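Below is the file structure.txt, which contains compact mmCIF, C-alpha atoms.
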# COMPACT_ATOMS: atom_id res chain seq x y z
CA MET A 1 -10.87 12.77 -13.57
CA LYS A 2 -11.38 15.95 -11.64
CA ASN A 3 -10.61 19.17 -13.47
CA LEU A 4 -7.43 20.54 -12.06
CA PHE A 5 -5.61 23.76 -12.88
CA LEU A 6 -2.03 23.29 -14.01
CA PHE A 7 0.58 25.89 -13.23
CA VAL A 8 4.05 26.26 -14.70
CA ILE A 9 6.37 26.60 -11.73
CA SER A 10 10.07 27.31 -11.94
CA PHE A 11 12.40 26.72 -9.00
CA PHE A 12 15.91 25.58 -8.23
CA VAL A 13 17.00 22.31 -6.58
CA PHE A 14 20.71 22.04 -5.90
CA GLY A 15 21.37 24.69 -8.53
CA THR A 16 19.50 22.83 -11.27
CA THR A 17 16.43 24.42 -12.85
CA ILE A 18 13.48 22.09 -12.69
CA SER A 19 10.87 22.47 -15.38
CA GLN A 20 7.48 20.99 -16.04
CA ARG A 21 7.59 17.52 -17.52
CA SER A 22 6.52 17.00 -21.11
CA ASN A 23 2.83 17.03 -21.93
CA ASN A 24 1.78 13.38 -21.80
CA SER A 25 -1.81 12.26 -22.31
CA ASP A 26 -1.75 10.38 -18.98
CA GLN A 27 0.06 13.10 -17.03
CA ALA A 28 -1.28 16.30 -18.58
CA ASN A 29 -4.26 16.27 -16.24
CA SER A 30 -2.29 15.42 -13.12
CA PRO A 31 -1.89 18.20 -10.55
CA ASN A 32 1.78 19.04 -11.19
CA LEU A 33 2.65 16.34 -8.69
CA ASN A 34 6.18 15.97 -9.92
CA PHE A 35 8.62 17.74 -12.14
CA ILE A 36 11.99 16.54 -13.37
CA SER A 37 14.87 18.29 -15.09
CA PRO A 38 14.93 17.60 -18.85
CA ASN A 39 18.71 17.19 -18.55
CA THR A 40 18.51 14.40 -15.99
CA GLN A 41 19.53 10.99 -17.33
CA ILE A 42 17.41 8.14 -15.99
CA SER A 43 18.31 4.47 -16.33
CA PRO A 44 15.32 2.13 -16.77
CA ILE A 45 14.40 0.45 -13.48
CA ASN A 46 12.04 -2.49 -13.21
CA ARG A 47 9.43 -2.08 -10.48
CA GLU A 48 10.17 -4.25 -7.48
CA ILE A 49 9.85 -4.15 -3.71
CA ARG A 50 13.21 -2.96 -2.45
CA ASN A 51 13.24 -4.48 0.99
CA SER A 52 15.92 -4.02 3.63
CA GLY A 53 13.92 -4.27 6.83
CA GLY A 54 11.39 -6.65 8.34
CA ALA A 55 10.45 -9.80 6.44
CA CYS A 56 6.89 -8.55 5.87
CA ASN A 57 7.66 -4.92 5.05
CA ILE A 58 6.25 -3.70 1.73
CA GLY A 59 7.25 -0.73 -0.38
CA ASN A 60 10.46 0.96 -1.47
CA GLU A 61 12.79 1.03 1.55
CA VAL A 62 15.98 1.76 -0.39
CA ASP A 63 16.60 4.63 -2.80
CA PRO A 64 18.24 3.07 -5.89
CA GLY A 65 19.33 6.47 -7.14
CA TRP A 66 16.06 7.92 -8.37
CA SER A 67 15.87 11.55 -9.50
CA ALA A 68 14.90 14.48 -7.32
CA GLY A 69 11.18 15.07 -7.48
CA SER A 70 8.98 17.96 -6.46
CA PHE A 71 5.51 17.54 -5.04
CA SER A 72 2.62 20.00 -4.99
CA GLU A 73 1.08 20.92 -1.67
CA ASN A 74 -2.43 19.85 -0.72
CA TYR A 75 -2.57 16.64 -2.74
CA LEU A 76 -2.86 13.18 -1.22
CA LEU A 77 -1.20 10.71 -3.58
CA GLY A 78 0.38 7.29 -3.57
CA VAL A 79 1.06 3.92 -5.15
CA LYS A 80 0.19 0.26 -4.60
CA PHE A 81 2.22 -2.58 -3.07
CA THR A 82 1.41 -6.21 -2.31
CA LEU A 83 1.52 -7.86 1.12
CA SER A 84 2.00 -11.65 0.95
CA ASN A 85 1.54 -12.57 4.61
CA LEU A 86 -0.68 -11.65 7.52
CA GLY A 87 1.13 -9.00 9.54
CA THR A 88 0.89 -6.12 12.01
CA LEU A 89 1.42 -2.62 10.65
CA ASN A 90 3.65 -0.56 12.95
CA SER A 91 4.42 2.57 10.95
CA ILE A 92 4.12 4.31 7.58
CA ASN A 93 7.45 5.56 6.20
CA MET A 94 9.06 7.56 3.44
CA ILE A 95 12.61 8.47 2.44
CA GLY A 96 12.94 12.23 2.62
CA ASN A 97 15.21 14.89 1.15
CA GLY A 98 15.16 17.17 4.20
CA SER A 99 12.63 19.67 2.84
CA GLY A 100 11.21 20.44 6.29
CA SER A 101 7.63 20.35 5.02
CA ASN A 102 4.91 18.90 7.20
CA ILE A 103 3.71 15.49 6.00
CA GLN A 104 0.90 13.10 6.83
CA MET A 105 0.59 9.56 5.46
CA ALA A 106 -2.20 7.03 5.04
CA VAL A 107 -2.90 3.46 3.92
CA TYR A 108 -5.88 2.35 1.83
CA ASP A 109 -6.95 -1.17 0.96
CA ASP A 110 -7.53 -2.15 -2.66
CA ASN A 111 -10.59 -2.98 -4.73
CA ALA A 112 -9.89 -4.35 -8.23
CA GLY A 113 -6.71 -2.33 -8.68
CA VAL A 114 -7.87 0.99 -7.24
CA PRO A 115 -7.64 2.40 -3.69
CA ASN A 116 -10.76 1.70 -1.67
CA ASP A 117 -11.29 2.20 2.08
CA LEU A 118 -8.95 3.99 4.47
CA VAL A 119 -7.18 1.47 6.70
CA ILE A 120 -5.29 3.93 8.89
CA SER A 121 -3.69 7.36 8.81
CA SER A 122 -0.73 8.78 10.69
CA GLY A 123 -0.16 11.94 12.63
CA VAL A 124 1.84 14.86 11.23
CA THR A 125 5.62 15.16 11.20
CA THR A 126 8.26 17.01 9.16
CA VAL A 127 10.24 15.68 6.21
CA GLY A 128 13.81 15.07 7.32
CA THR A 129 16.73 13.50 5.50
CA GLY A 130 16.60 9.73 5.14
CA VAL A 131 13.89 7.50 6.55
CA VAL A 132 10.98 9.44 8.04
CA THR A 133 8.83 7.24 10.29
CA LEU A 134 5.21 8.00 11.13
CA PRO A 135 4.02 5.56 13.84
CA VAL A 136 0.44 4.31 13.77
CA THR A 137 -1.72 2.28 16.11
CA PRO A 138 -0.65 -1.35 15.50
CA THR A 139 -3.08 -2.72 12.94
CA GLN A 140 -3.39 -6.21 11.49
CA LEU A 141 -3.20 -6.36 7.70
CA MET A 142 -4.44 -9.28 5.66
CA PRO A 143 -2.48 -10.42 2.61
CA GLY A 144 -3.42 -8.30 -0.39
CA ASP A 145 -2.76 -5.00 -2.12
CA TYR A 146 -2.41 -1.72 -0.23
CA TRP A 147 -1.98 1.89 -1.32
CA ILE A 148 0.60 3.97 0.57
CA MET A 149 -0.17 7.69 0.30
CA ALA A 150 1.25 10.98 1.51
CA ILE A 151 0.18 14.62 1.61
CA TYR A 152 2.56 17.58 2.01
CA GLN A 153 1.83 21.02 3.41
CA SER A 154 4.21 22.84 1.07
CA PHE A 155 5.54 22.50 -2.46
CA GLY A 156 9.06 21.12 -2.78
CA ASN A 157 11.63 18.41 -3.36
CA HIS A 158 10.44 16.19 -0.53
CA SER A 159 11.62 12.83 -1.90
CA ASN A 160 13.15 11.16 -4.94
CA VAL A 161 10.90 9.65 -7.60
CA ASP A 162 11.13 6.95 -10.26
CA GLN A 163 10.12 8.75 -13.46
CA SER A 164 11.09 5.91 -15.80
CA ILE A 165 8.71 3.18 -14.66
CA SER A 166 6.16 2.26 -17.31
CA GLY A 167 2.53 1.64 -16.46
CA ASN A 168 2.71 2.09 -12.69
CA VAL A 169 -0.47 3.84 -11.52
CA VAL A 170 -0.55 6.78 -9.10
CA TYR A 171 -3.85 7.75 -7.47
CA TYR A 172 -4.41 11.19 -5.96
CA THR A 173 -6.97 13.66 -4.70
CA SER A 174 -6.97 17.35 -3.86
CA LEU A 175 -7.05 17.85 -0.08
CA VAL A 176 -6.25 20.85 2.10
CA PHE A 177 -3.46 19.82 4.46
CA GLY A 178 -4.85 19.33 7.96
CA ASN A 179 -8.31 18.34 6.78
CA PRO A 180 -9.44 14.80 7.61
CA ILE A 181 -8.03 12.05 5.41
CA PRO A 182 -10.91 10.71 3.23
CA THR A 183 -12.36 7.45 4.56
CA ASN A 184 -12.94 6.20 1.01
CA ALA A 185 -10.98 6.77 -2.21
CA SER A 186 -13.82 6.30 -4.70
CA GLY A 187 -13.44 9.84 -6.04
CA PHE A 188 -9.66 9.76 -6.50
CA SER A 189 -8.07 10.40 -9.91
CA SER A 190 -5.03 8.73 -11.47
CA TYR A 191 -2.07 9.10 -13.80
CA LEU A 192 0.73 6.77 -14.91
CA ASN A 193 4.46 6.13 -14.78
CA GLN A 194 5.77 7.12 -11.35
CA ASP A 195 6.86 5.33 -8.17
CA PHE A 196 7.63 6.77 -4.74
CA LEU A 197 9.93 6.00 -1.81
CA TYR A 198 7.14 4.97 0.55
CA PHE A 199 7.02 1.78 2.64
CA LEU A 200 5.20 0.08 5.52
CA ASP A 201 6.93 -1.42 8.57
CA ILE A 202 5.07 -4.70 9.14
CA THR A 203 5.74 -7.49 11.62
CA CYS A 204 4.87 -10.95 10.27
CA ILE A 205 2.26 -12.80 12.31
CA LEU A 206 2.41 -16.20 10.66
CA GLY A 207 4.93 -17.88 8.42
CA VAL A 208 3.54 -19.46 5.27
CA ASN A 209 4.62 -22.95 4.23
CA ASP A 210 4.44 -22.92 0.41
CA ALA A 211 4.32 -26.70 0.10
CA LEU A 212 1.52 -26.93 2.65
CA GLU A 213 -0.33 -24.09 0.92
CA ASN A 214 -0.48 -26.15 -2.27
CA MET A 215 -1.71 -29.26 -0.42
CA VAL A 216 -4.65 -27.58 1.30
CA SER A 217 -7.74 -26.20 -0.43
CA VAL A 218 -11.01 -24.63 0.72
CA TYR A 219 -14.33 -24.81 -1.09
CA PRO A 220 -16.72 -23.50 -2.17
CA ASN A 221 -15.03 -20.13 -2.46
CA PRO A 222 -16.91 -17.76 -2.73
CA VAL A 223 -19.03 -19.29 0.03
CA THR A 224 -22.56 -18.62 1.33
CA ASP A 225 -22.78 -21.00 4.30
CA TRP A 226 -20.55 -24.02 4.96
CA LEU A 227 -16.87 -23.73 4.00
CA LEU A 228 -15.08 -27.06 3.69
CA LEU A 229 -11.38 -27.85 3.98
CA ASP A 230 -9.56 -30.48 1.94
CA MET A 231 -6.14 -31.57 3.19
CA PRO A 232 -3.99 -34.72 3.51
CA MET A 233 -4.94 -37.17 6.26
CA ASP A 234 -1.50 -36.94 7.89
CA VAL A 235 -1.77 -33.17 8.40
CA LYS A 236 -3.46 -32.28 11.68
CA ILE A 237 -5.00 -28.89 12.48
CA THR A 238 -3.78 -27.42 15.78
CA ASN A 239 -5.51 -24.01 15.61
CA SER A 240 -7.45 -21.77 13.25
CA THR A 241 -8.71 -18.16 13.20
CA LEU A 242 -10.97 -16.27 10.80
CA TYR A 243 -10.18 -12.55 10.39
CA ASP A 244 -12.29 -9.91 8.63
CA ILE A 245 -10.92 -7.39 6.12
CA SER A 246 -9.85 -5.01 8.91
CA GLY A 247 -7.84 -7.74 10.63
CA LYS A 248 -10.37 -8.22 13.44
CA ASN A 249 -10.76 -11.75 14.81
CA THR A 250 -14.33 -12.89 14.07
CA GLY A 251 -14.15 -15.50 16.84
CA MET A 252 -14.98 -18.27 14.38
CA LYS A 253 -12.82 -21.40 14.00
CA LEU A 254 -12.78 -24.59 12.01
CA ILE A 255 -14.83 -27.40 13.53
CA GLY A 256 -13.10 -30.44 12.18
CA LYS A 257 -12.59 -29.45 8.56
CA SER A 258 -15.50 -27.07 8.13
CA ILE A 259 -16.80 -23.71 9.27
CA ASN A 260 -20.30 -22.21 9.06
CA THR A 261 -20.08 -18.71 7.55
CA SER A 262 -23.82 -18.08 7.18
CA SER A 263 -23.85 -15.46 9.95
CA LEU A 264 -21.01 -13.43 8.42
CA GLU A 265 -21.54 -10.28 6.38
CA LYS A 266 -20.54 -10.30 2.73
CA GLY A 267 -16.89 -9.44 2.18
CA ILE A 268 -13.33 -10.72 2.22
CA TYR A 269 -11.93 -12.77 5.11
CA LEU A 270 -8.66 -14.47 5.95
CA LEU A 271 -8.62 -17.97 7.39
CA THR A 272 -5.32 -18.72 9.15
CA ILE A 273 -4.64 -22.38 9.84
CA GLU A 274 -1.91 -23.79 12.06
CA THR A 275 -1.07 -27.45 11.50
CA THR A 276 1.48 -30.07 12.49
CA MET A 277 3.32 -29.26 9.23
CA GLY A 278 3.30 -25.47 9.51
CA SER A 279 0.97 -22.52 9.03
CA LEU A 280 -0.95 -21.21 6.05
CA ASN A 281 -3.47 -18.53 5.07
CA LYS A 282 -6.54 -18.83 2.86
CA LYS A 283 -8.43 -15.85 1.44
CA ILE A 284 -12.18 -16.39 1.75
CA ILE A 285 -14.89 -14.49 -0.12
CA LYS A 286 -18.31 -14.48 1.56
CA ASN A 287 -21.30 -13.94 -0.71

Show me this structure written as structure tokens.
Amino acid sequence: MKNLFLFVISFFVFGTTISQRSNNSDQANSPNLNFISPNTQISPINREIRNSGGACNIGNEVDPGWSAGSFSENYLLGVKFTLSNLGTLNSINMIGNGSGSNIQMAVYDDNAGVPNDLVISSGVTTVGTGVVTLPVTPTQLMPGDYWIMAIYQSFGNHSNVDQSISGNVVYYTSLVFGNPIPTNASGFSSYLNQDFLYFLDITCILGVNDALENMVSVYPNPVTDWLLLDMPMDVKITNSTLYDISGKNTGMKLIGKSINTSSLEKGIYLLTIETTMGSLNKKIIKN
């Protein structure tokens, strides 16, 4: 973890003095990302996706009554959420407390539980009260884990924070506001036990039929050349598309019940299959 200087900062939020949180082995080296009043009573909250918008949205869209948090300036930080379906990302969002600070947000894909490559970043806006939306160029997202991150230009109570969640990982890096968002998160540091009011607005592309998903299998997976499909005789394929990790259509389709992947680069792909019984997605690993 990068060596970071910790400062004791005292300030007032709604008349309540906020002080540095207790020295915890996981949080002592974090960059004063959040403080909470020692007098604040927090009820335990199980981590879940609080979803009030589109069917494929991921993240915390509703504030369940979390405590006021305060974020340091010049740190990009965020948490992970899981996308179940193929979808199109429309915007990155947060629920703000009207601090007026400038904010920029970003999305990273995941590699074995840590943020990996930058998927997309937003422009800059100010933190208002309620949902703050930062539009992005529409981008296809494959099912999987994604890290939603934000950086603020000034220190303050920008959003509420879950301080009671156990084991949830936050990744962060020091970054001067206005500098380019890192294209890879390999050097990011982490600490535990916080969750943020960040979410992605995502439009579903395909519905997934759970029963059909269980009836269809692909093998071998990982694959080096020919990928084969096993499915019931009465299910007919009407269309198929193979997407790469960025959501780009590779132009390859199933021929019958097989596809030759030998020309593809190593990586993760998504095979979407439309059939007479519905649609399904299969994650493919190319070796």

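A straight line drawn from CA of Ile205 (chain A) to CA of Ile259 (chain A) is 22.2 Å long.
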
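Put simply, CA of Pro138 (chain A) is 16.0 Å away from CA of Asp244 (chain A).
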
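The space between CA of Thr275 (chain A) and CA of Asn239 (chain A) spans 7.0 Å.
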
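Residue neighbourhood of region 168-185 of chain A, excluding near-sequence residues (fewer than 2 positions): Asn74, Tyr75, Leu76, Leu77, Gly78, Val79, Pro115, Asn116, Asp117, Leu118, Ile151, Tyr152, Gln153, Ile165, Ser166, Gly187, Phe188, Ser189, Ser190, Tyr191, Leu192, Asn193, Gln194 and Asp195 of chain A, at 7 Å, using all atoms listed in the file.
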
Ser246 (chain A): which residues within 8 Å, counting all atoms listed in the file, same-chain residues fewer than 3 positions away excluded, as a PDB file with C-alpha atoms, keeping the file's coordinate frame?
ATOM      1  CA  VAL A 119      -7.180   1.470   6.700  1.00  0.00           C
ATOM      2  CA  GLN A 140      -3.390  -6.210  11.490  1.00  0.00           C
ATOM      3  CA  LEU A 141      -3.200  -6.360   7.700  1.00  0.00           C
ATOM      4  CA  MET A 142      -4.440  -9.280   5.660  1.00  0.00           C
ATOM      5  CA  TYR A 243     -10.180 -12.550  10.390  1.00  0.00           C
TER       6      TYR A 243
END

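Nearest-residue note for Ser101 (chain A): choosing from A:Ile268, A:Val132, A:Leu227, A:Ile273, the minimum distance belongs to A:Val132, counting only C-alpha atoms.
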
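Distances here use all atoms listed in the file; by that measure, the residue among A:Asn111, A:Phe196, A:Gly123, A:Ile148 closest to Ser164 (chain A) is A:Phe196.
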
Residues within 6 Å of Asn57 (chain A), please, as a PyMOL selection string. Count all atoms listed in the file; anything in the same chain fewer than 4 positions from it doesn't count.
chain A and resi 200-202

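Using all atoms listed in the file, the smallest distance between any of A:Tyr146, A:Tyr108, A:Phe81, A:Tyr269 and Asn281 (chain A) comes from A:Tyr269.
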
Counting all atoms listed in the file, which residue out of A:Met233, A:Val223, A:Ile245, A:Leu212 sits closest to Thr139 (chain A)?
A:Ile245

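The shortest atom-to-atom distance to Met215 (chain A), with only C-alpha atoms taken into account, belongs to A:Lys282 out of A:Lys248, A:Lys253, A:His158, A:Lys282.
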